[in-house]
Every structure is written in structure tokens, then in C-alpha cells.
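Here is query12.json, consisting of JSON, C-alpha atoms and all ligand atoms:
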[["chain", "number", "residue", "atom", "x", "y", "z"],
["A", 1, "MET", "CA", 3.73, 70.57, 78.63],
["A", 2, "THR", "CA", 5.54, 70.08, 75.32],
["A", 3, "LYS", "CA", 8.91, 68.43, 75.55],
["A", 4, "ILE", "CA", 11.88, 70.60, 74.55],
["A", 5, "ALA", "CA", 14.03, 68.90, 71.91],
["A", 6, "ILE", "CA", 17.75, 68.58, 72.58],
["A", 7, "LEU", "CA", 18.40, 69.29, 68.91],
["A", 8, "GLU", "CA", 15.92, 70.30, 66.25],
["A", 9, "LEU", "CA", 16.65, 71.02, 62.60],
["A", 10, "GLN", "CA", 13.87, 72.34, 60.40],
["A", 11, "HIS", "CA", 14.39, 72.24, 56.64],
["A", 12, "VAL", "CA", 18.05, 73.29, 56.71],
["A", 13, "ASN", "CA", 19.88, 73.80, 53.42],
["A", 14, "LYS", "CA", 23.45, 74.56, 52.46],
["A", 15, "LYS", "CA", 24.69, 75.18, 48.96],
["A", 16, "TYR", "CA", 28.28, 75.92, 47.91],
["A", 17, "LYS", "CA", 28.02, 77.52, 44.45],
["A", 18, "THR", "CA", 25.95, 74.92, 42.63],
["A", 19, "ALA", "CA", 26.52, 72.01, 45.02],
["A", 20, "GLN", "CA", 23.58, 71.36, 47.35],
["A", 21, "VAL", "CA", 25.56, 69.80, 50.23],
["A", 22, "ILE", "CA", 22.72, 69.83, 52.80],
["A", 23, "ASP", "CA", 19.31, 69.36, 51.22],
["A", 24, "ASP", "CA", 16.20, 70.25, 53.24],
["A", 25, "VAL", "CA", 17.25, 68.32, 56.35],
["A", 26, "SER", "CA", 14.86, 68.08, 59.28],
["A", 27, "LEU", "CA", 15.73, 66.16, 62.43],
["A", 28, "VAL", "CA", 14.58, 66.00, 66.04],
["A", 29, "ILE", "CA", 16.63, 64.46, 68.84],
["A", 30, "ASP", "CA", 14.65, 64.54, 72.05],
["A", 31, "GLU", "CA", 16.20, 61.72, 74.07],
["A", 32, "PRO", "CA", 19.73, 61.95, 75.50],
["A", 33, "GLY", "CA", 22.29, 59.57, 74.04],
["A", 34, "ILE", "CA", 25.10, 59.24, 71.52],
["A", 35, "TRP", "CA", 24.46, 59.63, 67.81],
["A", 36, "ALA", "CA", 27.07, 58.95, 65.16],
["A", 37, "LEU", "CA", 27.06, 61.03, 61.99],
["A", 38, "VAL", "CA", 28.49, 58.90, 59.23],
["A", 39, "GLY", "CA", 29.13, 59.29, 55.53],
["A", 40, "PRO", "CA", 31.93, 59.18, 52.96],
["A", 41, "ASN", "CA", 34.57, 61.92, 52.64],
["A", 42, "GLY", "CA", 33.17, 65.16, 51.32],
["A", 43, "VAL", "CA", 29.53, 64.26, 51.87],
["A", 44, "GLY", "CA", 28.91, 67.27, 54.14],
["A", 45, "LYS", "CA", 29.29, 66.14, 57.78],
["A", 46, "THR", "CA", 31.50, 69.08, 58.78],
["A", 47, "THR", "CA", 29.24, 71.47, 56.86],
["A", 48, "LEU", "CA", 26.21, 70.14, 58.76],
["A", 49, "LEU", "CA", 27.91, 70.40, 62.17],
["A", 50, "ASN", "CA", 29.29, 73.87, 61.36],
["A", 51, "GLY", "CA", 25.83, 75.00, 60.29],
["A", 52, "ILE", "CA", 24.19, 73.56, 63.42],
["A", 53, "CYS", "CA", 26.71, 75.37, 65.66],
["A", 54, "ASN", "CA", 26.36, 78.57, 63.63],
["A", 55, "ILE", "CA", 30.02, 78.60, 62.55],
["A", 56, "ILE", "CA", 28.72, 78.97, 59.00],
["A", 57, "PRO", "CA", 25.20, 80.09, 58.07],
["A", 58, "PHE", "CA", 22.75, 77.70, 56.48],
["A", 59, "ASN", "CA", 21.10, 79.18, 53.39],
["A", 60, "SER", "CA", 17.70, 78.50, 54.89],
["A", 61, "GLY", "CA", 16.03, 76.59, 57.68],
["A", 62, "LYS", "CA", 15.99, 76.74, 61.46],
["A", 63, "VAL", "CA", 18.17, 75.18, 64.17],
["A", 64, "GLU", "CA", 17.30, 74.92, 67.84],
["A", 65, "LEU", "CA", 19.75, 73.68, 70.49],
["A", 66, "LEU", "CA", 18.23, 72.82, 73.88],
["A", 67, "GLY", "CA", 15.12, 74.74, 72.82],
["A", 68, "GLN", "CA", 17.05, 77.92, 71.87],
["A", 69, "PRO", "CA", 17.80, 79.23, 68.37],
["A", 70, "ASN", "CA", 21.45, 78.64, 67.46],
["A", 71, "ASP", "CA", 22.10, 82.36, 67.08],
["A", 72, "ASN", "CA", 21.36, 82.85, 70.77],
["A", 73, "TYR", "CA", 24.96, 82.58, 71.96],
["A", 74, "THR", "CA", 24.01, 82.06, 75.62],
["A", 75, "VAL", "CA", 23.04, 78.50, 74.70],
["A", 76, "PHE", "CA", 26.73, 77.74, 74.04],
["A", 77, "LYS", "CA", 27.29, 77.78, 77.79],
["A", 78, "HIS", "CA", 25.75, 74.29, 77.62],
["A", 79, "VAL", "CA", 26.61, 73.28, 74.07],
["A", 80, "SER", "CA", 30.14, 72.49, 72.89],
["A", 81, "PHE", "CA", 31.67, 71.71, 69.53],
["A", 82, "LEU", "CA", 34.92, 69.79, 69.10],
["A", 83, "GLN", "CA", 36.16, 71.10, 65.76],
["A", 84, "ASP", "CA", 39.31, 70.19, 63.91],
["A", 85, "ASN", "CA", 42.69, 71.38, 65.21],
["A", 86, "THR", "CA", 42.87, 74.41, 62.93],
["A", 87, "VAL", "CA", 40.97, 76.26, 65.67],
["A", 88, "LEU", "CA", 44.00, 75.99, 68.00],
["A", 89, "PHE", "CA", 46.67, 78.72, 68.37],
["A", 90, "HIS", "CA", 50.20, 77.38, 67.92],
["A", 91, "TYR", "CA", 51.84, 80.08, 70.04],
["A", 92, "LEU", "CA", 49.62, 79.34, 73.07],
["A", 93, "SER", "CA", 49.89, 76.41, 75.48],
["A", 94, "GLY", "CA", 47.16, 73.92, 76.29],
["A", 95, "TYR", "CA", 46.83, 75.70, 79.64],
["A", 96, "ASP", "CA", 46.32, 79.09, 77.90],
["A", 97, "HIS", "CA", 43.55, 77.62, 75.74],
["A", 98, "LEU", "CA", 41.78, 76.05, 78.68],
["A", 99, "LYS", "CA", 42.15, 79.20, 80.80],
["A", 100, "TYR", "CA", 40.52, 81.25, 78.06],
["A", 101, "VAL", "CA", 37.60, 78.81, 77.75],
["A", 102, "CYS", "CA", 37.19, 78.64, 81.55],
["A", 103, "ASP", "CA", 37.13, 82.47, 81.72],
["A", 104, "VAL", "CA", 34.47, 82.60, 78.98],
["A", 105, "HIS", "CA", 32.33, 80.10, 80.87],
["A", 106, "GLY", "CA", 33.03, 81.66, 84.28],
["A", 107, "LEU", "CA", 34.61, 78.44, 85.56],
["A", 108, "PRO", "CA", 37.21, 78.35, 88.36],
["A", 109, "LYS", "CA", 40.89, 77.89, 87.44],
["A", 110, "LYS", "CA", 41.05, 74.53, 89.24],
["A", 111, "ARG", "CA", 38.85, 73.11, 86.46],
["A", 112, "ILE", "CA", 41.83, 73.42, 84.05],
["A", 113, "LYS", "CA", 43.97, 70.86, 85.88],
["A", 114, "GLU", "CA", 40.95, 68.68, 86.59],
["A", 115, "VAL", "CA", 39.97, 68.38, 82.93],
["A", 116, "ALA", "CA", 43.61, 68.04, 81.79],
["A", 117, "ALA", "CA", 44.05, 65.07, 84.13],
["A", 118, "TYR", "CA", 40.73, 63.57, 82.98],
["A", 119, "VAL", "CA", 41.77, 63.57, 79.30],
["A", 120, "GLY", "CA", 45.36, 62.54, 80.09],
["A", 121, "MET", "CA", 47.23, 65.71, 79.02],
["A", 122, "THR", "CA", 48.77, 66.79, 82.32],
["A", 123, "GLY", "CA", 52.30, 66.02, 81.04],
["A", 124, "TYR", "CA", 52.18, 68.60, 78.25],
["A", 125, "LEU", "CA", 49.60, 71.10, 79.50],
["A", 126, "GLU", "CA", 52.21, 73.90, 79.68],
["A", 127, "LYS", "CA", 53.77, 73.20, 76.26],
["A", 128, "LYS", "CA", 53.00, 75.39, 73.25],
["A", 129, "VAL", "CA", 50.47, 73.80, 70.90],
["A", 130, "GLY", "CA", 52.94, 74.29, 68.04],
["A", 131, "ASP", "CA", 54.99, 71.51, 69.67],
["A", 132, "TYR", "CA", 52.02, 69.14, 70.04],
["A", 133, "SER", "CA", 51.55, 65.97, 68.00],
["A", 134, "LEU", "CA", 48.25, 65.39, 66.19],
["A", 135, "GLY", "CA", 47.03, 63.16, 69.03],
["A", 136, "MET", "CA", 48.04, 65.70, 71.71],
["A", 137, "LYS", "CA", 46.07, 68.39, 69.87],
["A", 138, "GLN", "CA", 43.11, 66.03, 69.80],
["A", 139, "HIS", "CA", 43.33, 65.59, 73.59],
["A", 140, "LEU", "CA", 43.36, 69.37, 74.02],
["A", 141, "LEU", "CA", 40.34, 69.78, 71.72],
["A", 142, "LEU", "CA", 38.54, 67.19, 73.80],
["A", 143, "ALA", "CA", 39.44, 68.98, 77.05],
["A", 144, "ILE", "CA", 38.23, 72.31, 75.64],
["A", 145, "SER", "CA", 34.95, 70.79, 74.52],
["A", 146, "ILE", "CA", 34.10, 69.12, 77.84],
["A", 147, "VAL", "CA", 35.51, 71.60, 80.34],
["A", 148, "ASN", "CA", 32.04, 73.20, 80.72],
["A", 149, "GLN", "CA", 30.29, 69.81, 81.18],
["A", 150, "PRO", "CA", 28.00, 70.44, 78.20],
["A", 151, "LYS", "CA", 24.48, 69.07, 77.91],
["A", 152, "LEU", "CA", 24.94, 68.80, 74.15],
["A", 153, "LEU", "CA", 28.28, 68.03, 72.54],
["A", 154, "PHE", "CA", 29.10, 67.97, 68.82],
["A", 155, "MET", "CA", 32.35, 66.30, 67.84],
["A", 156, "ASP", "CA", 33.88, 66.40, 64.36],
["A", 157, "GLU", "CA", 36.22, 63.41, 64.01],
["A", 158, "PRO", "CA", 37.27, 63.19, 67.68],
["A", 159, "LEU", "CA", 39.38, 60.09, 67.02],
["A", 160, "THR", "CA", 41.70, 61.61, 64.42],
["A", 161, "GLY", "CA", 45.35, 60.85, 65.16],
["A", 162, "LEU", "CA", 44.70, 58.94, 68.38],
["A", 163, "ASP", "CA", 46.72, 55.86, 69.29],
["A", 164, "PRO", "CA", 44.71, 52.82, 70.49],
["A", 165, "SER", "CA", 45.03, 53.66, 74.19],
["A", 166, "SER", "CA", 43.88, 57.24, 73.59],
["A", 167, "ALA", "CA", 40.96, 55.94, 71.50],
["A", 168, "ILE", "CA", 40.00, 53.68, 74.41],
["A", 169, "LEU", "CA", 40.20, 56.66, 76.78],
["A", 170, "VAL", "CA", 37.99, 58.75, 74.48],
["A", 171, "ARG", "CA", 35.49, 55.88, 74.33],
["A", 172, "LYS", "CA", 35.42, 55.78, 78.15],
["A", 173, "ILE", "CA", 34.94, 59.55, 78.31],
["A", 174, "LEU", "CA", 32.08, 59.44, 75.78],
["A", 175, "LEU", "CA", 30.33, 56.70, 77.75],
["A", 176, "ASP", "CA", 30.91, 58.59, 81.04],
["A", 177, "LEU", "CA", 29.44, 61.75, 79.55],
["A", 178, "GLU", "CA", 26.47, 59.82, 78.22],
["A", 179, "LYS", "CA", 25.87, 58.40, 81.70],
["A", 180, "GLN", "CA", 25.92, 61.94, 83.10],
["A", 181, "GLY", "CA", 23.18, 62.89, 80.63],
["A", 182, "THR", "CA", 25.21, 64.61, 77.88],
["A", 183, "THR", "CA", 23.90, 64.10, 74.37],
["A", 184, "ILE", "CA", 26.74, 63.59, 71.90],
["A", 185, "ILE", "CA", 26.65, 63.83, 68.13],
["A", 186, "LEU", "CA", 29.92, 62.72, 66.66],
["A", 187, "SER", "CA", 31.07, 62.41, 63.11],
["A", 188, "SER", "CA", 33.53, 59.61, 62.57],
["A", 189, "HIS", "CA", 34.76, 57.20, 59.92],
["A", 190, "ASN", "CA", 35.72, 54.67, 62.58],
["A", 191, "LEU", "CA", 32.80, 52.25, 62.40],
["A", 192, "ALA", "CA", 34.32, 49.80, 64.91],
["A", 193, "GLU", "CA", 34.55, 52.56, 67.54],
["A", 194, "ILE", "CA", 31.02, 53.70, 66.70],
["A", 195, "ASP", "CA", 29.80, 50.15, 67.29],
["A", 196, "ARG", "CA", 31.34, 50.32, 70.76],
["A", 197, "VAL", "CA", 29.60, 53.51, 71.83],
["A", 198, "THR", "CA", 26.22, 53.67, 70.14],
["A", 199, "ASN", "CA", 23.36, 51.97, 68.34],
["A", 200, "GLN", "CA", 22.16, 55.19, 66.81],
["A", 201, "ILE", "CA", 23.52, 56.25, 63.47],
["A", 202, "LEU", "CA", 22.71, 59.18, 61.23],
["A", 203, "PHE", "CA", 23.92, 58.50, 57.71],
["A", 204, "LEU", "CA", 24.40, 61.54, 55.50],
["A", 205, "LYS", "CA", 23.82, 60.78, 51.83],
["A", 206, "ASN", "CA", 23.08, 63.11, 48.93],
["A", 207, "GLY", "CA", 22.45, 65.96, 51.37],
["A", 208, "LYS", "CA", 19.84, 64.00, 53.35],
["A", 209, "ILE", "CA", 19.95, 62.38, 56.79],
["A", 210, "ILE", "CA", 18.98, 58.74, 57.02],
["A", 211, "GLU", "CA", 18.25, 57.74, 60.63],
["A", 212, "VAL", "CA", 19.17, 54.18, 61.49],
["A", 213, "ASP", "CA", 18.60, 52.30, 64.69],
["A", 214, "ARG", "CA", 21.35, 49.73, 64.56],
["A", 215, "GLU", "CA", 19.54, 47.67, 67.22],
["A", 216, "ASN", "CA", 17.71, 45.90, 64.40],
["A", 217, "HIS", "CA", 20.87, 45.26, 62.42],
["A", 218, "MET", "CA", 23.55, 44.58, 64.98],
["A", 219, "GLU", "CA", 25.25, 41.28, 65.57],
["A", 220, "THR", "CA", 26.55, 40.26, 68.96],
["A", 221, "HIS", "CA", 29.58, 38.03, 69.25],
["A", 222, "TYR", "CA", 31.17, 36.44, 72.30],
["A", 223, "ILE", "CA", 34.85, 35.60, 72.09],
["A", 224, "PHE", "CA", 35.74, 32.64, 74.32],
["A", 225, "LYS", "CA", 39.14, 31.47, 75.49],
["A", 226, "LEU", "CA", 38.62, 27.88, 76.61],
["A", 227, "SER", "CA", 40.69, 25.34, 78.55],
["A", 228, "ASP", "CA", 40.14, 22.86, 75.69],
["A", 229, "LYS", "CA", 39.65, 24.75, 72.44],
["A", 230, "LEU", "CA", 39.21, 21.72, 70.21],
["A", 231, "SER", "CA", 36.51, 20.05, 72.32],
["A", 232, "GLY", "CA", 34.81, 23.42, 72.82],
["A", 233, "LYS", "CA", 34.75, 24.03, 69.09],
["A", 234, "GLN", "CA", 33.32, 20.59, 68.36],
["A", 235, "LEU", "CA", 30.68, 21.01, 71.06],
["A", 236, "LEU", "CA", 29.57, 24.44, 69.84],
["A", 237, "MET", "CA", 29.44, 23.31, 66.21],
["A", 238, "ALA", "CA", 27.47, 20.19, 67.14],
["A", 239, "SER", "CA", 25.02, 22.40, 69.08],
["A", 240, "GLY", "CA", 24.44, 24.46, 65.92],
["A", 241, "TYR", "CA", 26.21, 27.69, 66.97],
["A", 242, "SER", "CA", 27.74, 29.92, 64.32],
["A", 243, "ILE", "CA", 31.44, 30.10, 65.20],
["A", 244, "GLN", "CA", 34.76, 31.38, 63.90],
["A", 245, "GLU", "CA", 38.28, 30.91, 65.19],
["A", 246, "GLU", "CA", 40.11, 34.13, 65.97],
["A", 247, "ASN", "CA", 43.62, 34.46, 67.48],
["A", 248, "GLY", "CA", 43.40, 31.20, 69.40],
["A", 249, "ALA", "CA", 39.90, 32.01, 70.65],
["A", 250, "ILE", "CA", 36.44, 30.95, 69.48],
["A", 251, "LYS", "CA", 34.04, 33.66, 68.38],
["A", 252, "VAL", "CA", 30.37, 32.75, 68.71],
["A", 253, "THR", "CA", 27.76, 34.90, 66.98],
["A", 254, "ILE", "CA", 24.74, 34.75, 69.25],
["A", 255, "ASN", "CA", 21.92, 36.89, 70.70],
["A", 256, "GLU", "CA", 22.46, 38.27, 74.18],
["A", 257, "SER", "CA", 19.43, 36.23, 75.31],
["A", 258, "GLY", "CA", 21.14, 32.96, 74.31],
["A", 259, "ILE", "CA", 24.52, 33.51, 75.96],
["A", 260, "ASP", "CA", 23.69, 31.99, 79.38],
["A", 261, "LYS", "CA", 22.60, 28.73, 77.74],
["A", 262, "CYS", "CA", 25.77, 28.67, 75.63],
["A", 263, "ILE", "CA", 28.02, 29.22, 78.68],
["A", 264, "LYS", "CA", 26.16, 26.51, 80.62],
["A", 265, "SER", "CA", 26.55, 23.99, 77.82],
["A", 266, "ILE", "CA", 30.34, 24.65, 77.67],
["A", 267, "GLN", "CA", 30.71, 24.30, 81.46],
["A", 268, "ASP", "CA", 28.42, 21.23, 81.66],
["A", 269, "ASN", "CA", 30.85, 19.50, 79.29],
["A", 270, "GLY", "CA", 33.75, 20.05, 81.68],
["A", 271, "ILE", "CA", 35.40, 22.84, 79.66],
["A", 272, "SER", "CA", 36.58, 25.89, 81.63],
["A", 273, "ILE", "CA", 36.03, 29.38, 80.27],
["A", 274, "LEU", "CA", 39.32, 31.25, 80.75],
["A", 275, "ASP", "CA", 38.10, 34.53, 79.26],
["A", 276, "ILE", "CA", 35.00, 35.90, 77.58],
["A", 277, "GLN", "CA", 34.71, 39.17, 75.65],
["A", 278, "LYS", "CA", 31.66, 40.71, 74.02],
["A", 279, "GLU", "CA", 31.85, 42.39, 70.61],
["A", 280, "VAL", "CA", 29.05, 44.12, 68.75],
["A", 281, "THR", "CA", 29.24, 44.76, 65.02],
["A", 282, "GLY", "CA", 26.80, 45.88, 62.40],
["A", 283, "SER", "CA", 27.42, 49.42, 61.21],
["A", 284, "GLU", "CA", 29.98, 48.35, 58.59],
["A", 285, "LYS", "CA", 27.37, 46.15, 56.91],
["A", 286, "LEU", "CA", 24.81, 48.95, 57.09],
["A", 287, "TYR", "CA", 27.38, 51.39, 55.69],
["A", 288, "GLU", "CA", 28.01, 49.14, 52.71],
["A", 289, "GLU", "CA", 24.28, 48.72, 52.13],
["A", 290, "THR", "CA", 23.84, 52.51, 52.21],
["A", 291, "PHE", "CA", 26.93, 53.70, 50.33],
["A", 292, "GLY", "CA", 28.33, 50.60, 48.62],
["A", 293, "LYS", "CA", 31.57, 48.83, 49.56],
["A", 294, "ARG", "CA", 34.51, 50.98, 50.68],
["A", 295, "GLU", "CA", 37.54, 50.76, 48.42],
["B", 301, "LIG", "N1", 33.87, 76.72, 52.04],
["B", 301, "LIG", "C1", 33.56, 75.89, 51.05],
["B", 301, "LIG", "N2", 33.38, 76.33, 49.79],
["B", 301, "LIG", "C2", 33.04, 75.49, 48.78],
["B", 301, "LIG", "N3", 32.86, 74.17, 48.94],
["B", 301, "LIG", "C3", 33.03, 73.68, 50.17],
["B", 301, "LIG", "C4", 33.39, 74.49, 51.29],
["B", 301, "LIG", "N4", 33.48, 73.70, 52.38],
["B", 301, "LIG", "C5", 33.20, 72.44, 51.98],
["B", 301, "LIG", "N5", 32.92, 72.42, 50.66],
["B", 301, "LIG", "C6", 32.54, 71.25, 49.87],
["B", 301, "LIG", "O1", 31.36, 70.71, 50.47],
["B", 301, "LIG", "C7", 31.39, 69.30, 50.45],
["B", 301, "LIG", "C8", 31.24, 68.78, 51.87],
["B", 301, "LIG", "O2", 32.40, 69.05, 52.62],
["B", 301, "LIG", "P1", 32.53, 68.67, 54.16],
["B", 301, "LIG", "O3", 33.87, 69.12, 54.63],
["B", 301, "LIG", "O4", 31.34, 69.20, 54.87],
["B", 301, "LIG", "O5", 32.44, 67.07, 54.06],
["B", 301, "LIG", "P2", 32.76, 65.96, 55.16],
["B", 301, "LIG", "O6", 31.67, 64.96, 55.05],
["B", 301, "LIG", "O7", 32.98, 66.60, 56.48],
["B", 301, "LIG", "O8", 34.11, 65.35, 54.63],
["B", 301, "LIG", "P3", 35.31, 64.55, 55.38],
["B", 301, "LIG", "O9", 34.73, 63.23, 55.83],
["B", 301, "LIG", "O10", 36.32, 64.37, 54.29],
["B", 301, "LIG", "O11", 35.79, 65.41, 56.51],
["B", 301, "LIG", "C9", 32.71, 68.90, 49.80],
["B", 301, "LIG", "O12", 32.46, 68.65, 48.43],
["B", 301, "LIG", "C10", 33.57, 70.14, 49.95],
["B", 301, "LIG", "O13", 34.48, 70.26, 48.89]]

Could you render the structure from this file as C-alpha cells?
Ligand SMILES: Nc1ncnc2c1ncn2[C@@H]1O[C@H](COP(=O)(O)OP(=O)(O)OP(=O)(O)O)[C@@H](O)[C@H]1O
Amino acid sequence: MTKIAILELQHVNKKYKTAQVIDDVSLVIDEPGIWALVGPNGVGKTTLLNGICNIIPFNSGKVELLGQPNDNYTVFKHVSFLQDNTVLFHYLSGYDHLKYVCDVHGLPKKRIKEVAAYVGMTGYLEKKVGDYSLGMKQHLLLAISIVNQPKLLFMDEPLTGLDPSSAILVRKILLDLEKQGTTIILSSHNLAEIDRVTNQILFLKNGKIIEVDRENHMETHYIFKLSDKLSGKQLLMASGYSIQEENGAIKVTINESGIDKCIKSIQDNGISILDIQKEVTGSEKLYEETFGKRE
């Protein structure tokens, strides 16, 4: 039996007047997971997502979502798209928006409060959207896009206007959804957040998709807080580890496979590890290699 792709693009094109924004793009995603769609301002990320979700027509080419053509609207029972906040109605409350979407999907009313609590917007659910801040609108957009527990979720800049704690919450929600089997394709300029949620990046450049598996390019760092920073630093340097000092902690750049040995060598020298945090980086370097340095 042939496997049904989660998302399949066949030779899609989009031209605005003379500008070929999407140029003969083909892509198959057939494993669940999170993909980041990345590229400089104006490169065509929103155009691509809008075309995929049939908000605007491509000039040519074919799109299939969960094995169905994207003009078969029944597929949108399982596919959601978090667009920018211009899709919201200022004279309606968050509750009104969610009620409408629940009615469309045939979901019970209790789902409204459930999803509002999950995205942290219970406190302003009844307020009119016209009185929402940018971040509050973003929470509502997120609630709308996940209320139906989609199998495939497109997100255009889901982190816009979010304070750090909201960004952390969104990260948790993305990882929860991924665990539940939702495939997420999100456009974002926030490379540090992307590093925290996925290895899989789709760069958009000159109308073409460049697929990158960051696994081969990522760097793993462990940030140690030690009982004796100076001795720890000397020990790690003498053992040949690549280290940096950062806010009173020592950051060691090391493969995951080498971390146990590193921890043991610190402890064997009588130094206590007070805290240890893992950080993965890599997409910024790849971005610069693909598009040049950001100003
Ligand atoms: N309706 C339209 N008519 C004409 N040109 C358009 C239209 N919509 C977008 N464009 C142009 O297409 C290009 C891609 O725009 P798009 O909004 O898709 O980029 P983006 O990668 O999402 O940008 P950003 O990161 O700034 O959100 C831009 O040059 C933009 O000016």
C-alpha cells in the first residue's frame, strides 16, 4: 500500500505581476514532526503558506494535504492555519471567535474553555478583540488553530508579539502537539526558538525550498554551574574541552555522547555540579551560510 503524504506540493508556482515569488516548488512531507519555514522578509513564506492552504491560488501546480487536494474543504477539519491577526474581528470577543470555530467543526462548547485555559487566555476570553494586545491576539490565534486538534498545522509567525513566558508556553504547546502526532509547519524569524523545537528546516530562497536536516549541523552545549568555577574551568580546559564563560556558568560545547564522561570527570575531581542546562544551536550559522549575515 502506498503511504499517504502528510503534505505534498507538486511544481507549485506563484507570480505577482513580474515577480516569481514561488518557483516550481515540489516537496513531500511524509513523516510527522515539526518543520520550520525560514527566509528573509519578503521572500515568500506567507505566500507559500497561503497558497498551500488555498487562501490564495497558486498559478500552477498541485497541493495535497493528508492525501486530499487542498480545494477539498473537508480536509480542513483536520488541517489548521494560524494566520496573522488581520483575520480577527475587533468587535467580537475571543469566546465568540472560538464558539464560531467550534460550531464549524461540530465541537462541544466545553472545548472553548478547555482550549482557552490551555493557551493561557482565560482571563480575557470574554473581552472584545479590539481591546487585546498583540500578544493576546496571538494567544487567540493559537487557540483557534488548535481547538480542532489538527493532524496538520501551519503557523505563520506564531511568536509575533509574545513575551518570553508566552514564547515558552507556545514552545511547550508545539512539543505537546508533536508528541500527539500533529505535524507542524511554522514560519518564524526566531532561530533560537526554532533550535529548541526542531531539527528540520525548510529555507525559502529565490522562490525555491532548500531542505536542511540540522542534525548534521547542530552544536550541543551544556551550561554548568559548579561549586568551584575556577577549578572546573581549569580542569575542562586541561582535558581539551571547548568552553566559554557565560553569566557565571561554564558552557561546554560537546556531543551528547560525550556528556557522561565530562560529568564524571568533573565529579571525580571533587567539584559539585549545581545546575546543568542543555542548549542546541546551529540554525543561525546555517542561515548565514544560506542567505549571508543578517544586518
Ligand atoms: N498581494 C500581493 N500583490 C503583489 N505582491 C505581493 C502580494 N503579496 C505579497 N507580495 C510580494 O511577494 C513577496 C513575498 O511576500 P510574503 O509576504 O509572502 O513574504 P514573507 O516571506 O512572508 O515576508 P515576511 O517575513 O516579511 O512576513 C514580497 O515581495 C511581497 O511584496

Subject >> Residues within 12 Å of region 42-45 of chain A, all atoms listed in the file, excluding chain neighbours under 2 positions, as an NGL selection string >> reply: :A and (13-16 or 19-23 or 25 or 36-40 or 47-52 or 83 or 154-157 or 185-189 or 202-209 or 291)

Subject >> Residues within 10 Å of Lys229 (chain A), all atoms listed in the file, excluding chain neighbours under 2 positions, as a count of residues only >> reply: 16

**OP:** For each of A:Val147, A:Leu169, A:Leu159, A:Ile56, take the minimum atom-to-atom distance to ligand LIG 301 (chain B), counting all atoms listed in the file, then give the residue where this is smallest.
**Re:**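 Among A:Val147, A:Leu169, A:Leu159, A:Ile56, it is A:Ile56 that comes nearest to ligand LIG 301 (chain B).
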
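Across A:Thr290, A:Ser283, A:Gln180, A:Gln277, the tightest approach to Ile210 (chain A) is made by A:Thr290 when counting all atoms listed in the file.
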
Can you tell me, as AutoDock Vina command-line options, the centre and edge lengths (Å, one decimal) of the axis-aligned box enclosing all of ligand LIG 301 (chain B)'s listed atoms after padding each side by 6 Å?
--center_x 33.8 --center_y 70.0 --center_z 52.5 --size_x 17.1 --size_y 25.5 --size_z 20.1

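Relative to CA of Lys251 (chain A), CA of Lys278 (chain A) is found at 9.3 Å.
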
Original post:
When you draw a straight line from CA of His139 (chain A) to atom O5 of ligand LIG 301 (chain B), how long is it in Å?
Top reply: 22.4 Å

Original post:
Using all atoms listed in the file, which of A:Ala143, A:Leu152, A:Cys53, A:Leu9 sits nearest Val119 (chain A)?
Top reply: A:Ala143
